[in-house]
Amino acid sequence: MVTSRSADRAGSLHRFDGLERALHWANAVLFVVVLTSAAALYFGPLSAVVGRRELVRAIHVYSGLALPLPFVAAFVLGRRWHSQLGDDVRRLNRWIDDDRRWLRSLGRDRRVRLGKFHPGQKINAAYLAGGVPVMVLTGSIMKWFEPFPLSWRTGATFVHDWVALGFFVLVTGHVLKAVADRDAMHGILTGWVDEGWATARHPRWREEHRKPV
Amino acid sequence: MEERTGTPVGRRVVLGMLGFGVGGVLVGARVSDFISRLLGPLTAADRTGLTELIPAAGRFRIYSVVGSLPHRSAEEYRLSVGGLVTRPLSLSVPDLQSMPAVRLVKDFQCVTGWRVHQVPWTGVRLADVLDAAGVGPGARAVRFTSFDGLYTESLTLDQARRPDVIVAYAMEDKPVSSAHGGPVRMYVAPMYGYKSCKWLSAIEVVDRVVPGYWEVRGYDVDAWIGRSNGRGDQPVG
């Protein structure tokens with residue numbers, strides 16, 4: 001299915017199907033809401049200016065609780081609609097030697113040949129997959145704190161704060177790198193990427209499309 | 001394709017994070033405490049405020065329930081003391097400063113989990129303010145109102161007369177800033193931070209406890225640290 005669709009457009013490769021793109025953008029919207037509300041709750045000068053603590057907290061809690069929903073929906077629908085989401089998740093999970101070489105050289109080693117996703121994206125995806133459940137769990141302890149010992153609530157706050165910091169750093173990096181790369185942006189918006197870009201940046205993945213149909 | 005040959009680093013990261021999450025909930029309070037003791041003096045001295053971004057750095061977070069930071073200058077500020085009293089008062093900051101001063105150095109604990117260690121607070125005992133006004137018959141409780149126009153709090157008369165409940169005009173040996181609820185705010189040492197009304201405009205002696213802003217939203221009225229809003233025991237230093 002992938003190879004026949006990439007043959008439809010000369011010079012382009014099909015990178016993301018509709019379900020994957022929908023999942024990405026649903027997450028993007030929720031993350032913007034969660035992270036900006038988090039900043040207004042946590043960052044002193046912003047809290048002082050925005051105030052409205054109860055409203056901001058409600059926005060933060062409910063957008064946070066909603067965060068796993070697009071993932072769940074995508075996985076259920078993905079199986080029914082034969083999306084490549086499952087394949088891409090498997091790719092994001094696995095690291096080859098070239099990934100480690102890329103990481104050690106911080107992307108500077110020119111001999112490295114990467115697959116569909118580069119190690120930065122794999123790290124991002126893993127952090128997301130681990131981080132969202134942790135945030136929902138610790139956030140829930142913070143919000144519905146009555147049944148829990150004070151030390152657990154403090155512990156939950158501690159974990160929530162540090163994992164949030166990680167999200168801020170990774171999401172900022174992700175957005176900055178993404179908007180700087182026109183071909184990548186085209187890929188996540190339309191599903192298609194330039195063949196030349198794929199050959200240069202993701203050669204192993206590009207090669208998969210050379211195989212006979 | 002990579003998925004058949006590569007190592008499943010993703011899965012390991014996910015499991016690691018879940019482990020960190022659960023472990024962190026169970027022992028994080030101790031780690032957080034250690035870090036905040038370590039970094040507290042550093043962040044207190046940091047003028048840029050950047051170190052406050054470090055989680056558990058042991059500094060204050062600014063909470064306001066209204067749209068912007070309430071502000072009143074120390075010159076124009078007046079604290080009204082009324083209700084079931086024989087002599088209603090209108091006290092300026094200099095008036096408060098002329099009364100016997102108390103300096104408490106204690107931890108400040110928020111119900112959401114963060115704690116600032118060993119904060120110096122200076123002010124007048126609420127008991128002294130009440131005596132200056134003369135508590136009348138039928139009085140059972142005290143009600144606090146904020147000039148943010150929304151926030152209220154309360155204490156029973158017994159709680160109000162405790163030696164560690166003060167009407168504070170200085171924090172960390174500086175006048176209480178607007179950001180921290182100044183020029184005058186309450187500091188109720190043995191209870192969670194929400195009991196300490198900021199941007200204090202009025203103290204009213206009443207015949208019953210009136211649940212305040214956060215209490216009508218589910219928090220405990222008698223908010224003793226470690227003995228309310230959940231179990232646990234970390235006495236305020």
# chains A, B, ... in the order shown; residues from 1 in each chain; ligands from 1
>>> residues_around(residues="Arg182 (chain A)", least_positions_apart="3", cutoff="10 Å", atoms="only C-alpha atoms", output="list in words")
Lys177, Ala178, Val179, Met185, His186, Gly187, Val193, Asp194 and Trp197 of chain A
>>> write_last_selection(atoms="N, CA, C and O atoms", output="compact mmCIF listing (two decimals), in the first residue's frame")
# COMPACT_ATOMS: atom_id res chain seq x y z
N LYS A 177 12.99 22.77 15.70
CA LYS A 177 13.60 22.00 14.63
C LYS A 177 12.60 21.78 13.49
O LYS A 177 12.96 21.79 12.33
N ALA A 178 11.35 21.57 13.86
CA ALA A 178 10.33 21.28 12.84
C ALA A 178 10.07 22.48 11.94
O ALA A 178 10.07 22.36 10.71
N VAL A 179 9.86 23.65 12.54
CA VAL A 179 9.52 24.81 11.69
C VAL A 179 10.71 25.24 10.85
O VAL A 179 10.53 25.91 9.82
N MET A 185 7.97 19.78 7.60
CA MET A 185 6.67 20.40 7.84
C MET A 185 5.67 19.96 6.77
O MET A 185 4.52 19.66 7.07
N HIS A 186 6.13 19.88 5.54
CA HIS A 186 5.26 19.44 4.45
C HIS A 186 4.78 18.01 4.72
O HIS A 186 3.62 17.67 4.48
N GLY A 187 5.68 17.22 5.25
CA GLY A 187 5.36 15.83 5.54
C GLY A 187 4.27 15.68 6.57
O GLY A 187 3.33 14.89 6.40
N VAL A 193 6.66 13.75 1.43
CA VAL A 193 7.94 14.45 1.53
C VAL A 193 8.73 14.32 0.23
O VAL A 193 8.52 13.39 -0.54
N ASP A 194 9.63 15.27 0.05
CA ASP A 194 10.48 15.29 -1.13
C ASP A 194 11.45 14.10 -1.10
O ASP A 194 12.08 13.82 -0.08
N TRP A 197 15.04 14.97 -0.08
CA TRP A 197 15.15 15.16 1.37
C TRP A 197 15.25 13.80 2.06
O TRP A 197 16.08 13.59 2.94
>>> closest_atom_pairs(of="chain B", to="chain A", cutoff="6 Å", atoms="only C-alpha atoms", output="CSV")
residue,atom,partner,partner_atom,distance
B:Glu3,CA,A:Arg91,CA,5.2
B:Gly6,CA,A:Ile96,CA,4.6
B:Thr7,CA,A:Arg94,CA,5.1
B:Pro8,CA,A:Arg94,CA,4.5
B:Val9,CA,A:Asn93,CA,5.9
B:Gly10,CA,A:Asn93,CA,4.1
B:Val14,CA,A:Gly130,CA,4.1
B:Met17,CA,A:Gly130,CA,5.4
B:Gly21,CA,A:Val134,CA,5.5
B:Gly24,CA,A:Gly155,CA,5.7
B:Val25,CA,A:Gly155,CA,4.1
B:Leu26,CA,A:Trp152,CA,5.6
B:Gly28,CA,A:Gly155,CA,3.8
B:Ala29,CA,A:Gly155,CA,4.5
B:Pro55,CA,A:Asp161,CA,5.6
B:Arg61,CA,A:Gly44,CA,5.6
B:Ile62,CA,A:Gly44,CA,5.1
B:Ser64,CA,A:Gly51,CA,4.8
B:Val65,CA,A:Arg52,CA,4.7
B:Val66,CA,A:Arg52,CA,4.7
B:Gly67,CA,A:Gly51,CA,4.6
B:Ser68,CA,A:Val49,CA,5.1
B:Leu69,CA,A:Ala48,CA,5.5
B:Gly113,CA,A:Thr154,CA,4.5
B:Asn229,CA,A:Glu146,CA,5.8
B:Gly230,CA,A:Glu146,CA,4.8
B:Arg231,CA,A:Pro149,CA,4.6
B:Gly232,CA,A:Leu150,CA,4.7
>>> write_last_selection(atoms="C-alpha atoms", output="PDB file, in the first residue's frame")
ATOM      1  CA  GLU B   3      12.206  -2.899  13.678  1.00  0.00           C
ATOM      2  CA  GLY B   6      17.307  -2.768  16.418  1.00  0.00           C
ATOM      3  CA  THR B   7      17.280  -2.805  20.208  1.00  0.00           C
ATOM      4  CA  PRO B   8      13.980  -1.727  21.802  1.00  0.00           C
ATOM      5  CA  VAL B   9      15.343   1.379  23.491  1.00  0.00           C
ATOM      6  CA  GLY B  10      11.947   3.052  23.300  1.00  0.00           C
ATOM      7  CA  VAL B  14       9.010   4.029  28.737  1.00  0.00           C
ATOM      8  CA  MET B  17       9.926   6.517  33.186  1.00  0.00           C
ATOM      9  CA  GLY B  21       7.085   7.936  38.218  1.00  0.00           C
ATOM     10  CA  GLY B  24       9.218   9.237  42.662  1.00  0.00           C
ATOM     11  CA  VAL B  25       5.736   9.364  44.164  1.00  0.00           C
ATOM     12  CA  LEU B  26       6.868   7.089  46.992  1.00  0.00           C
ATOM     13  CA  GLY B  28      10.059  12.021  46.042  1.00  0.00           C
ATOM     14  CA  ALA B  29       9.125  13.935  49.176  1.00  0.00           C
ATOM     15  CA  PRO B  55      11.610  22.091  40.397  1.00  0.00           C
ATOM     16  CA  ARG B  61       5.116  30.048  43.958  1.00  0.00           C
ATOM     17  CA  ILE B  62       2.835  33.011  43.347  1.00  0.00           C
ATOM     18  CA  SER B  64      -3.661  34.614  42.740  1.00  0.00           C
ATOM     19  CA  VAL B  65      -7.326  33.768  42.346  1.00  0.00           C
ATOM     20  CA  VAL B  66      -8.155  36.991  40.522  1.00  0.00           C
ATOM     21  CA  GLY B  67      -7.088  38.188  37.080  1.00  0.00           C
ATOM     22  CA  SER B  68      -4.110  40.271  38.081  1.00  0.00           C
ATOM     23  CA  LEU B  69      -1.910  41.100  41.036  1.00  0.00           C
ATOM     24  CA  GLY B 113       3.094  20.039  48.133  1.00  0.00           C
ATOM     25  CA  ASN B 229      -6.392  17.538  53.491  1.00  0.00           C
ATOM     26  CA  GLY B 230      -4.793  14.078  53.657  1.00  0.00           C
ATOM     27  CA  ARG B 231      -2.648  12.120  56.083  1.00  0.00           C
ATOM     28  CA  GLY B 232       1.060  12.540  56.757  1.00  0.00           C
TER      29      GLY B 232
END
>>> residues_around(residues="Ser196 (chain B)", least_positions_apart="3", cutoff="10 Å", atoms="only C-alpha atoms", output="ChimeraX atom specification")
/B:144,152-155,165-168,181,185-189,191-193,199-200
>>> select_by_dssp(residues="region 2-235 of chain B", states="strand (DSSP E or B)", output="MDAnalysis selection string")
chainID B and resid 7 79:83 85 89:91 102:109 115:125 135 141:146 152:156 165:171 174:175 185:188 191 200:206 224
>>> atom_distance(atom1="CA of Leu30 (chain A)", atom2="CA of Leu189 (chain A)")
17.2 Å
>>> atom_distance(atom1="CA of Gly134 (chain B)", atom2="CA of Asp95 (chain B)")
16.6 Å
>>> residues_around(residues="Gln118 (chain B)", least_positions_apart="4", cutoff="12 Å", atoms="only C-alpha atoms", output="list in words")
Ser36, Arg37, Gly40, Pro41, Ala44, Gly58, Arg59, Phe60, Arg103, Leu104, Val105, Lys106, Asp107, Phe108, Gln109, Met171, Glu172, Ala189, Val236 and Gly237 of chain B
>>> closest_residue(among="A:Pro119, A:Gly11, A:Pro70, A:Gly64", to="Asn27 (chain A)", atoms="only C-alpha atoms")
A:Pro70
>>> residues_around(residues="region 79-83 of chain B", least_positions_apart="4", cutoff="8 Å", atoms="only C-alpha atoms", output="list in words")
Arg87, Pro88, Leu89, Ser90, Leu91, Ser92, Leu130, Ala133, Leu200, Ser201, Ala202, Ile203, Glu204, Val205 and Val206 of chain B
>>> residues_around(residues="Gly196 (chain A)", least_positions_apart="5", cutoff="10 Å", atoms="only C-alpha atoms", output="number ranges by chain")
A: 11-13, 183, 201-203, 206
>>> atom_distance(atom1="CA of Ala160 (chain B)", atom2="CA of Trp114 (chain B)")
24.4 Å
>>> select_by_dssp(residues="region 78-204 of chain B", states="helix (DSSP H, G or I)", output="PyMOL selection string")
chain B and resi 93-98+126-133+157-160+178-180+193-195
>>> write_last_selection(atoms="N, CA, C and O atoms", output="tab-separated table (two decimals), in the first residue's frame")
chain	number	residue	atom	x	y	z
B	93	VAL	N	0.03	50.85	58.12
B	93	VAL	CA	1.25	50.06	58.32
B	93	VAL	C	2.06	50.61	59.50
B	93	VAL	O	2.47	49.83	60.37
B	94	PRO	N	2.26	51.93	59.60
B	94	PRO	CA	2.97	52.45	60.79
B	94	PRO	C	2.25	52.10	62.10
B	94	PRO	O	2.90	51.81	63.10
B	95	ASP	N	0.92	52.09	62.08
B	95	ASP	CA	0.17	51.70	63.29
B	95	ASP	C	0.54	50.27	63.70
B	95	ASP	O	0.80	49.99	64.87
B	96	LEU	N	0.55	49.39	62.74
B	96	LEU	CA	0.90	47.99	63.03
B	96	LEU	C	2.35	47.90	63.51
B	96	LEU	O	2.66	47.15	64.43
B	97	GLN	N	3.21	48.65	62.89
B	97	GLN	CA	4.63	48.60	63.27
B	97	GLN	C	4.88	49.16	64.66
B	97	GLN	O	5.88	48.84	65.28
B	98	SER	N	3.93	49.98	65.16
B	98	SER	CA	4.12	50.54	66.50
B	98	SER	C	3.64	49.57	67.59
B	98	SER	O	3.90	49.78	68.77
B	126	LEU	N	-2.10	38.33	65.91
B	126	LEU	CA	-3.52	38.58	65.66
B	126	LEU	C	-4.24	38.79	66.99
B	126	LEU	O	-5.12	39.63	67.10
B	127	ALA	N	-3.81	38.04	68.02
B	127	ALA	CA	-4.41	38.17	69.35
B	127	ALA	C	-4.30	39.61	69.85
B	127	ALA	O	-5.24	40.15	70.45
B	128	ASP	N	-3.15	40.24	69.61
B	128	ASP	CA	-2.94	41.62	70.05
B	128	ASP	C	-3.84	42.59	69.28
B	128	ASP	O	-4.37	43.56	69.86
B	129	VAL	N	-4.01	42.33	67.99
B	129	VAL	CA	-4.89	43.19	67.18
B	129	VAL	C	-6.33	43.06	67.68
B	129	VAL	O	-7.04	44.05	67.83
B	130	LEU	N	-6.74	41.82	67.97
B	130	LEU	CA	-8.10	41.60	68.47
B	130	LEU	C	-8.30	42.27	69.82
B	130	LEU	O	-9.35	42.88	70.08
B	131	ASP	N	-7.30	42.21	70.69
B	131	ASP	CA	-7.41	42.84	72.01
B	131	ASP	C	-7.48	44.35	71.88
B	131	ASP	O	-8.19	45.01	72.65
B	132	ALA	N	-6.75	44.89	70.90
B	132	ALA	CA	-6.78	46.35	70.70
B	132	ALA	C	-8.19	46.80	70.31
B	132	ALA	O	-8.63	47.88	70.67
B	133	ALA	N	-8.90	45.95	69.57
B	133	ALA	CA	-10.27	46.28	69.17
B	133	ALA	C	-11.28	45.90	70.23
B	133	ALA	O	-12.36	46.47	70.31
B	157	LEU	N	-11.88	31.47	67.02
B	157	LEU	CA	-11.25	32.43	67.94
B	157	LEU	C	-10.04	31.81	68.64
B	157	LEU	O	-9.00	32.45	68.83
B	158	ASP	N	-10.16	30.53	69.02
B	158	ASP	CA	-9.03	29.83	69.65
B	158	ASP	C	-7.83	29.77	68.72
B	158	ASP	O	-6.69	30.02	69.12
B	159	GLN	N	-8.08	29.44	67.47
B	159	GLN	CA	-6.99	29.38	66.50
B	159	GLN	C	-6.37	30.76	66.31
B	159	GLN	O	-5.15	30.91	66.25
B	160	ALA	N	-7.24	31.76	66.27
B	160	ALA	CA	-6.78	33.14	66.04
B	160	ALA	C	-5.87	33.63	67.16
B	160	ALA	O	-4.99	34.45	66.94
B	178	SER	N	3.99	43.15	46.86
B	178	SER	CA	2.67	42.88	46.27
B	178	SER	C	2.56	41.44	45.81
B	178	SER	O	1.54	40.79	46.02
B	179	ALA	N	3.62	40.95	45.19
B	179	ALA	CA	3.59	39.58	44.67
B	179	ALA	C	3.31	38.56	45.76
B	179	ALA	O	2.68	37.52	45.51
B	180	HIS	N	3.77	38.85	46.97
B	180	HIS	CA	3.59	37.91	48.07
B	180	HIS	C	2.44	38.27	49.00
B	180	HIS	O	2.34	37.78	50.11
B	193	GLY	N	-0.78	26.98	53.56
B	193	GLY	CA	-0.67	28.35	53.08
B	193	GLY	C	-1.97	29.04	52.72
B	193	GLY	O	-2.09	30.25	52.87
B	194	TYR	N	-2.95	28.31	52.24
B	194	TYR	CA	-4.20	28.96	51.82
B	194	TYR	C	-4.94	29.62	52.97
B	194	TYR	O	-5.78	30.49	52.75
B	195	LYS	N	-4.62	29.21	54.23
B	195	LYS	CA	-5.26	29.84	55.39
B	195	LYS	C	-4.69	31.24	55.65
B	195	LYS	O	-5.26	32.01	56.41
>>> closest_residue(among="A:Arg108, A:His82, A:His60, A:His209", to="Gly18 (chain A)", atoms="only C-alpha atoms")
A:His82
>>> decode(residues="region 34-67 of chain A", atoms="N, CA, C and O atoms", output="PDB file, in the first residue's frame")
ATOM      1  N   VAL A  34      -2.072  22.414  27.452  1.00  0.00           N
ATOM      2  CA  VAL A  34      -1.507  21.893  28.703  1.00  0.00           C
ATOM      3  C   VAL A  34      -0.270  22.677  29.121  1.00  0.00           C
ATOM      4  O   VAL A  34      -0.121  23.057  30.283  1.00  0.00           O
ATOM      5  N   LEU A  35       0.641  22.922  28.184  1.00  0.00           N
ATOM      6  CA  LEU A  35       1.901  23.564  28.534  1.00  0.00           C
ATOM      7  C   LEU A  35       1.725  25.045  28.861  1.00  0.00           C
ATOM      8  O   LEU A  35       2.361  25.554  29.789  1.00  0.00           O
ATOM      9  N   THR A  36       0.866  25.760  28.119  1.00  0.00           N
ATOM     10  CA  THR A  36       0.697  27.172  28.464  1.00  0.00           C
ATOM     11  C   THR A  36      -0.029  27.316  29.799  1.00  0.00           C
ATOM     12  O   THR A  36       0.326  28.175  30.609  1.00  0.00           O
ATOM     13  N   SER A  37      -1.002  26.459  30.056  1.00  0.00           N
ATOM     14  CA  SER A  37      -1.671  26.536  31.359  1.00  0.00           C
ATOM     15  C   SER A  37      -0.701  26.139  32.471  1.00  0.00           C
ATOM     16  O   SER A  37      -0.720  26.710  33.562  1.00  0.00           O
ATOM     17  N   ALA A  38       0.170  25.181  32.195  1.00  0.00           N
ATOM     18  CA  ALA A  38       1.184  24.785  33.176  1.00  0.00           C
ATOM     19  C   ALA A  38       2.094  25.961  33.501  1.00  0.00           C
ATOM     20  O   ALA A  38       2.408  26.219  34.676  1.00  0.00           O
ATOM     21  N   ALA A  39       2.528  26.667  32.469  1.00  0.00           N
ATOM     22  CA  ALA A  39       3.407  27.817  32.680  1.00  0.00           C
ATOM     23  C   ALA A  39       2.708  28.873  33.529  1.00  0.00           C
ATOM     24  O   ALA A  39       3.319  29.455  34.438  1.00  0.00           O
ATOM     25  N   ALA A  40       1.410  29.087  33.273  1.00  0.00           N
ATOM     26  CA  ALA A  40       0.671  30.096  34.041  1.00  0.00           C
ATOM     27  C   ALA A  40       0.441  29.658  35.486  1.00  0.00           C
ATOM     28  O   ALA A  40       0.174  30.478  36.355  1.00  0.00           O
ATOM     29  N   LEU A  41       0.533  28.370  35.739  1.00  0.00           N
ATOM     30  CA  LEU A  41       0.362  27.878  37.116  1.00  0.00           C
ATOM     31  C   LEU A  41       1.674  27.854  37.873  1.00  0.00           C
ATOM     32  O   LEU A  41       1.715  28.007  39.089  1.00  0.00           O
ATOM     33  N   TYR A  42       2.761  27.628  37.159  1.00  0.00           N
ATOM     34  CA  TYR A  42       4.028  27.319  37.805  1.00  0.00           C
ATOM     35  C   TYR A  42       5.027  28.473  37.816  1.00  0.00           C
ATOM     36  O   TYR A  42       5.758  28.656  38.777  1.00  0.00           O
ATOM     37  N   PHE A  43       5.046  29.221  36.719  1.00  0.00           N
ATOM     38  CA  PHE A  43       6.064  30.252  36.575  1.00  0.00           C
ATOM     39  C   PHE A  43       5.579  31.544  37.237  1.00  0.00           C
ATOM     40  O   PHE A  43       4.639  32.172  36.759  1.00  0.00           O
ATOM     41  N   GLY A  44       6.231  31.890  38.345  1.00  0.00           N
ATOM     42  CA  GLY A  44       5.808  32.993  39.208  1.00  0.00           C
ATOM     43  C   GLY A  44       5.313  34.242  38.527  1.00  0.00           C
ATOM     44  O   GLY A  44       4.173  34.654  38.704  1.00  0.00           O
ATOM     45  N   PRO A  45       6.185  34.904  37.752  1.00  0.00           N
ATOM     46  CA  PRO A  45       5.766  36.156  37.106  1.00  0.00           C
ATOM     47  C   PRO A  45       4.518  35.981  36.233  1.00  0.00           C
ATOM     48  O   PRO A  45       3.667  36.866  36.197  1.00  0.00           O
ATOM     49  N   LEU A  46       4.393  34.854  35.566  1.00  0.00           N
ATOM     50  CA  LEU A  46       3.227  34.614  34.712  1.00  0.00           C
ATOM     51  C   LEU A  46       1.977  34.379  35.560  1.00  0.00           C
ATOM     52  O   LEU A  46       0.903  34.883  35.250  1.00  0.00           O
ATOM     53  N   SER A  47       2.131  33.611  36.660  1.00  0.00           N
ATOM     54  CA  SER A  47       0.999  33.380  37.571  1.00  0.00           C
ATOM     55  C   SER A  47       0.462  34.696  38.093  1.00  0.00           C
ATOM     56  O   SER A  47      -0.748  34.875  38.230  1.00  0.00           O
ATOM     57  N   ALA A  48       1.398  35.578  38.416  1.00  0.00           N
ATOM     58  CA  ALA A  48       1.003  36.862  38.994  1.00  0.00           C
ATOM     59  C   ALA A  48       0.204  37.680  37.984  1.00  0.00           C
ATOM     60  O   ALA A  48      -0.767  38.335  38.338  1.00  0.00           O
ATOM     61  N   VAL A  49       0.597  37.624  36.712  1.00  0.00           N
ATOM     62  CA  VAL A  49      -0.066  38.415  35.686  1.00  0.00           C
ATOM     63  C   VAL A  49      -1.399  37.793  35.252  1.00  0.00           C
ATOM     64  O   VAL A  49      -2.387  38.487  35.082  1.00  0.00           O
ATOM     65  N   VAL A  50      -1.412  36.490  35.088  1.00  0.00           N
ATOM     66  CA  VAL A  50      -2.604  35.802  34.595  1.00  0.00           C
ATOM     67  C   VAL A  50      -3.634  35.597  35.697  1.00  0.00           C
ATOM     68  O   VAL A  50      -4.826  35.815  35.506  1.00  0.00           O
ATOM     69  N   GLY A  51      -3.172  35.177  36.870  1.00  0.00           N
ATOM     70  CA  GLY A  51      -4.051  34.928  38.013  1.00  0.00           C
ATOM     71  C   GLY A  51      -5.087  33.871  37.660  1.00  0.00           C
ATOM     72  O   GLY A  51      -4.765  32.841  37.062  1.00  0.00           O
ATOM     73  N   ARG A  52      -6.346  34.133  38.025  1.00  0.00           N
ATOM     74  CA  ARG A  52      -7.481  33.251  37.693  1.00  0.00           C
ATOM     75  C   ARG A  52      -7.098  31.795  37.916  1.00  0.00           C
ATOM     76  O   ARG A  52      -7.319  30.918  37.075  1.00  0.00           O
ATOM     77  N   ARG A  53      -6.511  31.539  39.112  1.00  0.00           N
ATOM     78  CA  ARG A  53      -5.896  30.243  39.346  1.00  0.00           C
ATOM     79  C   ARG A  53      -6.836  29.068  39.120  1.00  0.00           C
ATOM     80  O   ARG A  53      -6.456  28.051  38.537  1.00  0.00           O
ATOM     81  N   GLU A  54      -8.066  29.225  39.591  1.00  0.00           N
ATOM     82  CA  GLU A  54      -9.010  28.105  39.477  1.00  0.00           C
ATOM     83  C   GLU A  54      -9.323  27.774  38.030  1.00  0.00           C
ATOM     84  O   GLU A  54      -9.375  26.603  37.652  1.00  0.00           O
ATOM     85  N   LEU A  55      -9.549  28.793  37.228  1.00  0.00           N
ATOM     86  CA  LEU A  55      -9.877  28.579  35.819  1.00  0.00           C
ATOM     87  C   LEU A  55      -8.692  27.942  35.086  1.00  0.00           C
ATOM     88  O   LEU A  55      -8.851  26.958  34.363  1.00  0.00           O
ATOM     89  N   VAL A  56      -7.501  28.496  35.305  1.00  0.00           N
ATOM     90  CA  VAL A  56      -6.315  27.980  34.621  1.00  0.00           C
ATOM     91  C   VAL A  56      -6.060  26.536  35.036  1.00  0.00           C
ATOM     92  O   VAL A  56      -5.707  25.683  34.222  1.00  0.00           O
ATOM     93  N   ARG A  57      -6.280  26.265  36.324  1.00  0.00           N
ATOM     94  CA  ARG A  57      -6.050  24.903  36.778  1.00  0.00           C
ATOM     95  C   ARG A  57      -7.047  23.944  36.152  1.00  0.00           C
ATOM     96  O   ARG A  57      -6.702  22.829  35.773  1.00  0.00           O
ATOM     97  N   ALA A  58      -8.310  24.361  36.039  1.00  0.00           N
ATOM     98  CA  ALA A  58      -9.329  23.505  35.411  1.00  0.00           C
ATOM     99  C   ALA A  58      -8.952  23.212  33.964  1.00  0.00           C
ATOM    100  O   ALA A  58      -9.036  22.067  33.511  1.00  0.00           O
ATOM    101  N   ILE A  59      -8.520  24.248  33.249  1.00  0.00           N
ATOM    102  CA  ILE A  59      -8.098  24.066  31.865  1.00  0.00           C
ATOM    103  C   ILE A  59      -6.949  23.066  31.796  1.00  0.00           C
ATOM    104  O   ILE A  59      -6.920  22.156  30.950  1.00  0.00           O
ATOM    105  N   HIS A  60      -5.987  23.222  32.726  1.00  0.00           N
ATOM    106  CA  HIS A  60      -4.820  22.361  32.725  1.00  0.00           C
ATOM    107  C   HIS A  60      -5.196  20.907  33.023  1.00  0.00           C
ATOM    108  O   HIS A  60      -4.743  19.986  32.337  1.00  0.00           O
ATOM    109  N   VAL A  61      -6.007  20.705  34.036  1.00  0.00           N
ATOM    110  CA  VAL A  61      -6.386  19.342  34.442  1.00  0.00           C
ATOM    111  C   VAL A  61      -7.156  18.640  33.323  1.00  0.00           C
ATOM    112  O   VAL A  61      -6.851  17.493  32.981  1.00  0.00           O
ATOM    113  N   TYR A  62      -8.134  19.326  32.748  1.00  0.00           N
ATOM    114  CA  TYR A  62      -8.978  18.640  31.757  1.00  0.00           C
ATOM    115  C   TYR A  62      -8.281  18.447  30.422  1.00  0.00           C
ATOM    116  O   TYR A  62      -8.461  17.405  29.780  1.00  0.00           O
ATOM    117  N   SER A  63      -7.430  19.378  30.034  1.00  0.00           N
ATOM    118  CA  SER A  63      -6.669  19.136  28.803  1.00  0.00           C
ATOM    119  C   SER A  63      -5.646  18.032  29.038  1.00  0.00           C
ATOM    120  O   SER A  63      -5.372  17.217  28.155  1.00  0.00           O
ATOM    121  N   GLY A  64      -5.104  17.958  30.248  1.00  0.00           N
ATOM    122  CA  GLY A  64      -4.159  16.893  30.585  1.00  0.00           C
ATOM    123  C   GLY A  64      -4.829  15.518  30.575  1.00  0.00           C
ATOM    124  O   GLY A  64      -4.289  14.555  30.019  1.00  0.00           O
ATOM    125  N   LEU A  65      -6.003  15.438  31.160  1.00  0.00           N
ATOM    126  CA  LEU A  65      -6.729  14.169  31.175  1.00  0.00           C
ATOM    127  C   LEU A  65      -7.130  13.750  29.763  1.00  0.00           C
ATOM    128  O   LEU A  65      -7.226  12.561  29.471  1.00  0.00           O
ATOM    129  N   ALA A  66      -7.361  14.734  28.909  1.00  0.00           N
ATOM    130  CA  ALA A  66      -7.754  14.442  27.523  1.00  0.00           C
ATOM    131  C   ALA A  66      -6.584  13.948  26.683  1.00  0.00           C
ATOM    132  O   ALA A  66      -6.768  13.311  25.645  1.00  0.00           O
ATOM    133  N   LEU A  67      -5.371  14.204  27.156  1.00  0.00           N
ATOM    134  CA  LEU A  67      -4.170  13.912  26.356  1.00  0.00           C
ATOM    135  C   LEU A  67      -4.049  12.460  25.885  1.00  0.00           C
ATOM    136  O   LEU A  67      -3.679  12.238  24.736  1.00  0.00           O
TER     137      LEU A  67
END
